[in-house]
Each structure stands twice: as structure tokens, then as C-alpha cells.
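*Asks:* Below are the C-alpha cells for one structure; questions will follow.
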Amino acid sequence: MTAEAPPLDREIRDRDLDDAALRAALARTWATRSSLSGWIGEVDHKRIALRFVLTALFFLLLGGSAALVMRLQLARPESGLIGPDLYNQLFSMHGTTMMFLFAVPVMETIGLYFVPLMVGARQVAFPRLVNFAYWMFLFGGLMLWIAFLLNTGADTGWFSYVPLSSLQYSPTKRVDFWAQMVTFTEVSSLAVAVSLIVTVLKHRAPGMTLDRIPLFVWAEFVNAFVIMFAMPSVMIASTLLILDRLVETRFFETSAGGDALLWQHLFWFFGHPEVYIIFIPGTGMVSAIIATFATRPVFGYVPLVLALIATGFLSFGLWVHHMFATGLPKLGESFFTASSMLIAVPSGIQIFCWIATLWGGRPRFHTPLLFVLGFVFIFVAGGMTGVMVASVPIDLQVHDTFFVVAHFHYVLIGGAVFPLLGAIYYWFPKVTGRLMSERLGAWNFGLAFAGFNLAFFPMHILGLQGMPRRVYTYPAELGWGGLNLLATTGALMFAASFALLVVNAVTSYRSGRAAGSNPWGAGTLEWATASPPPPYNFALTPLVTSREPLWSERTALPVVTGLRVDRRETFVTSPAEARPELRDMAVEPSIWPFVAALFSGLTLFGSIYTPWAVVAGSPFIAAALVGWFWPKSAKEE
Amino acid sequence: MRERRVADYSALPDYGFGPKSPMWWGTLGFCALEGMGFAIACATYLYLAFVNPEWPINARPPDLLAGTLVTILLLASVVPNHILKAAAERESIRAVRIWMPVMSAFGAAPLVLRWFEFGMLNIRWDSNAYGSAVWVLLGLHTTHLITDVGDTLVLAALMWTRFGRSGKRFSDVSDNAFYWDFVVLTWLPLYVLIYWVPRL
Amino acid sequence: MHARVPRIRFAARAKLRPPDPGPCGRGNCRPATAPLAVLALAGCSGPQSALDPQGPAAERIADLFWLFTATLTTIWLLVLLGLAVAIMRARRAPLADPLALDPAFEARARRVVGILVVLTAAIVAAFTILSYGASRPLA
């Protein structure tokens with residue numbers, strides 16, 4: 001970086017510069033100003049994604065704390081630690097936080113960090129939109145939790161069924177905060193989804209044809225489509241709910257021609273794909289980790305991609321299996337039983353392919369792989385109970401019991417959190433430039449694995465014994481005390497494993513071993529650049545010749561030139577063949593997305609109290625959007 | 001990792017129209033998710049119509065006049081819209097500067113009529129679920145119209161500034177025209193649902 | 001407390017006051033004291049238990065439940081066995097070229113994975129039909 005950067009008053013091309021001068025020029029062009037406006041106007045996908053991930057992990061801490069308080073309450077029968085009203089808020093906040101504020105954002109925005117790096121792009125598509133998405137997410141999450149601190153926490157469960165959530169039975173503002181938080185976070189997820197889709201379609205490095213896209217990128221790509229078609233449903237649902245509560249529309253009011261089940265249909269049409277929105281990126285992480293630590297390409301690339309796509313489609317045909325207990329027509333139930341069972345097929349394909357990869361590879365047992373092995377153990381068990389609850393008669397027996405609680409924690413924590421923890425250990429060196437401690441990592445895994453199973457396995461039995469979910473206590477005579485105590489012990493262990501993760505991350509960030517660009521000897525492009533990657537990701541865009549460029553191009557990575565370095569330029573390629581089409585201008589930082597998010601946030605917040613907030617807020621939002629899109633200088637053209 | 005330079009793409013253009021442009025794909029993405037939102041809203045309407053033995057509930061069907069005029073106006077706007085789109089792709093700044101205000105007017109006129117449409121629904125949003133459903137459908141499309149007209153107005157103003165003469169701006173105009181087609185298209189099923197389903 | 005009566009708590013209260021707490025309640029069933037007994041006593045009887053059927057329809061469901069549990073547990077154990085064998089059988093020595101694959105292994109793996117996928121599909125199809133059959137008396 002000591003080289004003199006060329007002056008900026010003329011067009012400069014990368015091909016005219018040697019390596020040092022090129023990096024100096026790029027560093028100057030792509031750097032974010034270190035000022036407040038630079039900070040809130042950030043357009044570097046890596047920095048925004050890191051904020052997203054850290055914020056989501058912060059919400060994990062809050063949601064996890066809520067769970068721990070519930071577990072302490074349930075540890076013994078007739079405990080008086082907390083009362084029913086707080087308990088209702090805690091389970092609603094826990095579910096809502098984990099689904100909307102932790103799992104979906106964290107799984108999606110790890111993609112925001114790594115998808116551009118893995119496809120050899122300099123920037124994500126529409127980075128300002130992504131920055132807007134971050135602020136919307138932050139404001140929505142903070143609003144929900146500040147409301148909770150003011151005793152206005154959501155208390156009708158994460159799916160807020162009507163009529164319980166109608167004005168008649170929930171007269172305070174608790175449900176309104178919940179409903180508006182949904183709108184905030186869904187706008188955010190949708191914006192990131194559009195950005196990821198266009199990044200994958202148009203910003204892949206030249207030569208990265210469809211069949212050379214890394215499996216993690218495929219997973220995030222398919223996932224973004226699922227988000228795009230699932231989230232609008234819950235936005236409509238939460239909007240109708242708030243309209244019913246605020247301006248007295250009658251969508252869910254049976255006495256006026258409305259329908260309570262309509263809410264369940266709208267919610268679960270989103271709610272079931274939501275589970276896959278959390279799980280699909282997890283499968284991408286598993287594929288990435290398995291390839292690297294089995295030291296060979298993943299077995300069955302094409303079946304795995306097809307399984308991802310099939311999972312995406314099937315996820316929209318399952319929602320009614322959450323409603324088996326509502327008395328739907330028989331034939332419909334059978335259809336949804338069949339489709340719910342069918343999802344086992346693509347999941348099976350994936351599991352079998354991963355095991356075959358390990359079988360035919362040379363596994364190296366670093367922490368990321370340990371978490372993947374834990375994932376197979378837990379997730380497959382969750383899949384098995386999933387097959388059980390897909391069966392209508394069995395579901396009717398265990399509906400709304402702890403059996404279901406056990407099932408979905410096995411699926412979600414197994415299918416998403418274990419891969420996520422593996423991914424954190426896997427990519428930490430890329431993000432920070434330092435490796436995490438393997439010794440602490442092994443302890444972290446052991447504690448998480450044992451704690452998880454101890455916490456959640458007993459819940460299967462509790463559910464079969466008839467313990468309903470969402471009860472704040474139970475009488476001693478029912479004999480559930482022992483298993484509940486066991487579950488609480490496991491929950492504390494599981495929580496301790498996260499404390500260990502934090503300790504490991506902090507100490508490794510300060511004094512971990514330097515990672516270098518490719519510490520694991522991995523094959524995909526994110527390992528071709530420095531750790532941490534520079535703001536421009538790649539000094540020269542790679543030319544992709546295979547699925548694992550770093551394994552096939554052992555001596556020197558082929559790269560292409562032609563971009564200007566005096567302004568932010570990046571290649572745009574064709575969707576299927578990744579043939580270069582344009583040299584596109586990437587945007588500069590801008591404070592307007594933040595301003596637009598702030599006004600949108602205030603408007604949504606105000607609308608909890610009066611519909612006129614929408615009228616008052618719209619001009620401000622419009623003004624911010626004009627500021628956002630109005631070009632500032634000829635250089636931006 | 002060491003690198004070897006194997007190709008040079010300096011000759012590529014720095015903007016493009018249609019599927020070449022990332023913005024076109026972004027617009028398509030928003031069309032898809034908004035289209036999904038409309039589909040869900042329509043499904044809600046049909047669901048309510050299906051579970052209620054009487055539809056419309058305690059109301060006369062909406063009067064046809066304003067809604068039909070809006071439909072005709074929107075369909076007619078497709079013609080100038082495509083003239084504008086072609087002008088943008090020819091990169092003719094003169095034609096674009098003329099047709100952008102025309103399209104702004106074609107966007108604003110249905111908004112005026114829309115005001116009367118709400119009055120001709122013959123029911124309030126809080127009367128019953130039927131009233132809620134038609135008001136929300138009409139409201140959703142009105143929001144859609146307002147945002148696109150706003151967008152068109154800003155872009156029209158931009159084309160009259162020094163920033164107008166740029167390839168990227170022409171590409172934006174072309175994408176804006178593409179989005180308008182989508183606004184028109186989403187109205188057609190809504191028109192059938194709001195005005196004709198109650199007459200079945 | 002205000003006037004609302006949340007559905008869940010209401011339902012829970014109704015369930016939590018059984019007329020007869022059953023053998024569990026009399027304290028002769030203490031799962032946590034002997035972890036090994038947990039599984040054996042999973043069928044712990046009582047008015048709330050799904051595993052203590054009191055009629056022919058409930059019995060059919062309980063039978064179905066045990067059939068599912070047995071089959072699925074077997075499958076789960078087989079998957080884990082496969083995983084364990086994969087890890088233990090895999091070669092240890094790191095090779096310079098991760099792309100050097102053994103064509104014989106790839107072909108064999110393709111066949112095995114293909115058969116397993118077909119088996120998965122067959123099992124879920126059978127389960128779907130069995131569920132339909134078992135839920136008929138409920139209608």
C-alpha cells in the first residue's frame with residue numbers, strides 16, 4: 001500500500017497499472033469516509049452484512065435470555081418465579097425474536113457478506129437498498145424490545161392468532177407493536193433478497209456459468225426467491241390485522257363476514273416457507289464446510305442443486321399442516337400430509353450426498369466439521385419427528401404440546417444454528433484475518449451438542465405425556481417436574497456454550513493466529529482475496545474456469561482487466577453464461593437510505609397510534625427517496 | 001494468490017437496456033414480490049367471498065363508471081408508455097423530455113378518478129368483511145399508482161436537468177416504463193374482482 | 001388482569017385439572033430419577049398422555065405412533081451409522097490434489113445414493129397411506 005496512487009483527474013484503467021499502484025488506486029476509490037455520514041451511509045456489503053450479523057446475534061442473546069427465564073420458571077412445578085402475564089410476553093418475544101430478528105436475518109446476511117465474494121464480485125447489487133434494509137431491521141427490532149421493556153411486549157405468540165390478537169381480546173398496544181415489527185423486518189428481508197438475486201444473476205465473475213456457482217450461493221439464491229414469494233403474505237396479514245385493530249376493518253371478525261382461519265392461512269403460507277428460509281442457507285453452509293474439510297468437491301452437485309430448488313417449491317405446499325387441528329376438509333388434509341412427507345425426499349438426497357462426500361474424502365476434524373456432524377445428528381432426528389407430525393392422526397395427539405416444541409427446535413437449531421456455528425468458525429478467519437481457537441471450539445461444540453440434546457430431547461416425552469406448550473406452570477401431581485428440570489439443566493449448558501463462543505471470538509479477534517488468505521485450503525473464490533477482504537474485494541476480477549477455482553488453478557488465478565479505477569466500476573455479466581456485458585458504475589455512500597429508513601420507521605411507529613401518521617410521514621419518506629435517487633455529481637453517471 | 005491476466009474487457013459499454021441492466025432485474029424482482037402481494041390480497045378477497053354465502057354482504061355492487069374509466073385510461077396509457085420507452089432506448093433526449101410529462105399526466109389522471117371510485121363502492125371499509133376487502137384492494141393499487149407517479153415525476157424533472165443526457169438515465173426511463181406496464185397489468189384482475197365478481 | 005382470557009392459558013387450565021391425576025400423579029413414576037427408565041416410562045399413563053389410549057380409535061393412533069417411532073428411529077440410527085462409517089473409513093492422508101477423484105467410488109456412490117432416495121420415497125408414501133387409514137375413524 002506504499003505505492004503512489006495515480007492522480008484522479010483522468011480515466012485510469014486497471015490494465016495500465018502494476019499490482020501495487022492498482023491496489024493503492026482502488027483503496028482510495030472504494031474507501032468509505034471515516035465520518036458519521038460515511039458510517040451511516042455505508043455501501044460496502046461486507047460492513048453492512050457484519051452489522052446485520054452482529055445485530056442479529058445480539059437479538060439471539062435477547063431471545064435466548066427470554067428462553068432461559070422461561071426454562072427457570074418451568075424447572076419445577078408450581079414455580080412462582082414469574083407470573084402468567086410475563087410468561088406470555090416471554091414466549092411471544094422469544095419466538096418472534098428468534099424467527100424474525102435472529103434466524104432469518106442472520107442466515108440471509110451471511111449470504112450478503114459471502115455471496116459477492118464467492119461469485120467474484122466487487123459489490124452487491126443495490127448496496128444503498130441493503131443499507132436501508134439494515135436500518136429498517138435495526139429500528140424494527142429495537143422498537144419491539146423497547147416496547148417489551150415498557151411492559152408492551154408481544155404476548156400472543158409468534159403467530160398471533162386471531163381472535164386472541166384482535167382488539168377485543170388484546171386491547172393494549174402489544175399486538176400492534178408486534179404487527180408493525182413484522183412489517184419492518186419483512187421489508188428488510190425482501191430488500192436484501194432482491195439484492196442477492198440480482199447479485200447472483202448479474203454480478204458473477206466472467207466464466208461462472210450456472211453449473212459453476214458454489215452450492216452456498218445456490219442456497220442463498222433459492223432462499224432469496226422463497227423470501228420473495230413468502231414474505232408478502234405475512235406483510236399483508238399483519239397489515240390486515242393492524243387495519244382491523246386501528247381503523248375497524250372486519251377481515252377477521254366472524255360476526256361481520258370475516259374469518260379467523262383466514263389469518264392462519266395467510267400466516268402459515270408465509271410461516272412454513274419461513275422454516276425453509278432459515279434452513280436452506282444452513283444447507284449451503286454445510287455444503288461449503290463439508291467440501292473444504294472432506295478435501296474434495298461435494299458429491300452430487302446437480303442433485304443437491306435440484307434438491308434445493310425442490311425444497312423451495314415444496315415449502316409453499318405445506319402450510320396447512322400447521323392447521324390440522326382446525327377441522328379442515330379431509331381430502332385437503334391428505335394432500336398436505338403427502339406434500340409434508342414428500343419434503344423428506346430432497347432432504348434425504350442432501351443428507352446422503354453429504355455422507356457420500358465424507359466417505360469419499362479425506363476429512364479433517366476442525367471445529368466447523370464438528371458442528372456439521374452435530375447438524376446431521378440433530379437435524380435428521382428433527383426430520384423424523386417431522387414425518388410423525390405430518391401424519392394427521394399423530395399430529396392431533398401431539399398438537400400444541402411440548403412434542404412439537406421439541407420437534408421444531410431439533411429442526412431449527414439442528415438445521416440452522418449448528419450450521420451457523422460451524423460457518424462462524426469457518427469464515428471467522430476470512431472476516432477478521434485471525435483463526436479461532438480450535439481447543440475452545442471443540443469445547444464449544446461439545447457443550448452445545450450435549451446441552452441442546454439434554455434441553456430438548458426430554459420435551460418429546462413431556463409432550464407425549466400431555467404437557468401443553470405455552471403454559472407458565474404445571475401441578476406437581478402430573479409428574480413432569482423431573483424431565484423439566486433436566487431440560488432446564490440442558491438449556492443452561494446450551495447457553496454456556498454460547499458464552500464460550502463469545503469468549504473464543506473476542507480473544508481470537510484480539511490475539512488469534514494470523515489466518516492468511518486461505519487457512520483451510522478451500523476451493524471457492526472468497527479465499528482468493530486477503531483476510532479481511534479489502535473494500536473492493538478483488539483487485540482484478542477472476543475468470544472462473546471450474547467449480548473450485550482455487551483447486552483447479554493451483555499456480556496462478558486467471559483474472560481479467562478493463563475496469564476503471566478512478567471511479568467504482570464492476571463487471572455485469574449475463575445471467576446464465578456469465579458472459580461480460582457491461583462495466584457498471586457502483587454507487588457511492590449516501591445518507592439518504594438511512595434518512596428514508598428513519599422516516600419510514602417513524603411513520604410505522606406512529607401508525608400504531610393513529611392512521612394519520614401515514615399521511616403525515618409519506619411526504620418525508622418521498623423526500624428522502626428523491627434525495628436517494630437524485631444524482632449528486634457528473635461522476636456518478 | 002498469484003494472478004495471471006488473461007483477458008481485457010475495456011471495450012464494454014458502461015450502461016445497457018433491458019436484461020443487460022441490473023436495475024431492470026431489480027425492477028423485475030420488485031414486480032415479482034409486489035405481484036405476490038397483490039395475489040395474496042386477491043386470494044384474501046376470494047377466500048372471504050367463498051366463505052360468505054352472501055357476496056357482496058349487505059351492499060349493492062360498486063357503480064361501474066369511475067372504475068371503468070380508470071381501466072380505459074390505464075389501458076390507453078400503454079401506448080404513450082411504449083412510445084416513451086422506445087424514445088429512451090433510442091436515447092432521444094427531445095422525445096423523452098416530451099413524453100415523460102405526458103406519462104406523468106397519464107399517471108395522475110387515474111388518481112383523480114380514483115377519488116370518486118372510493119365513493120362509488122357503495123360500502124364503507126368498516127361495514128363488514130366485504131367492505132374491508134374492496135377498500136384494501138383499491139387502496140393497495142392506489143398506493144402502487146401514487147408511488148409510480150411520484151417516481152415518474154422525479155424522473156421527468158431529472159431528464160430536464162444536466163443529468164438527463166446520460167445513458168444510465170435513459171435506461172432508468174426504460175425501466176420506469178416497464179414498471180408502468182406492471183402497474184397497469186395488476187389493475188386488471190383487481191378491476192374484475194372489485195367490479196364484476198359482486199355482479200356474478 | 002383485564003377481561004381477556006388467552007386461549008392457550010384457558011385450554012391449559014382445563015387440561016391441568018384432571019379429575020384423576022393417574023399413576024403419574026401418585027408419584028410412582030419419577031422419570032428423572034433414573035434416566036434409563038425415562039424411555040421405558042415414556043408411556044406413563046394418565047389422562048393427558050397420548051400413549052395411554054382409552055378406546056379403539058385412540059389405540060389405532062397409538063399403534064401408528066409406535067410403528068412410526070420404531071421405523072423412524074431405525075432409519076435415524078442407520079443414517080448415523082452411515083455417517084460414522086463414512087468418517088472412519090475415509091482416507092486420512094491429505095492429498096495434494098482435492099480434485100483427484102476415484103471414478104469407481106463415484107459410480108458406486110451414485111448407485112447407493114440413488115437406491116436410498118428411492119427407499120426414502122417409498123417409506124414416506126407408505127406412511128402417508130397408513131396415516132390416511134388411521135385417521136378415518138376420527139372423521
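Chain labels follow the order of the C-alpha cells: the first chain is A, the next B, and so on; residue numbering restarts at 1 in every chain, and ligands are counted from 1 in their shown order.
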Taking only C-alpha atoms into account and nothing else, which residues of chain A lie no more than 6 Å away from chain C? Please answer as a count of residues only.

*Replies:* 22

*Asks:* Can you tell me which residues surround stretch 180-187 of chain A at a distance of at most 9 Å, considering only C-alpha atoms, apart from same-chain residues fewer than 3 positions away, and format the answer as a ChimeraX atom specification?

*Replies:* /A:96,100-101,105,133,136-141,143-144,175-177,190-192,227,231-232,234-236,238-239,242,600-601,604-605,607-608

*Asks:* DSSP says alpha helix (DSSP H) for which residues of chain B? Put them as number ranges by chain?

*Replies:* B: 22-51, 65-90, 93-119, 129-159, 167-191

*Asks:* Using only C-alpha atoms, find which residues of chain B lie within 6 Å of chain A and jot them down as an MDAnalysis selection string.

*Replies:* chainID B and resid 2:10 12:14 29 33 37 125:126 128:129 132

*Asks:* Quote the spacing between atom CA of A:Ile309 and atom CA of A:Arg212 in Å to one decimal place.

*Replies:*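 Interatomic distance, atom CA of A:Ile309 to atom CA of A:Arg212: 16.1 Å.
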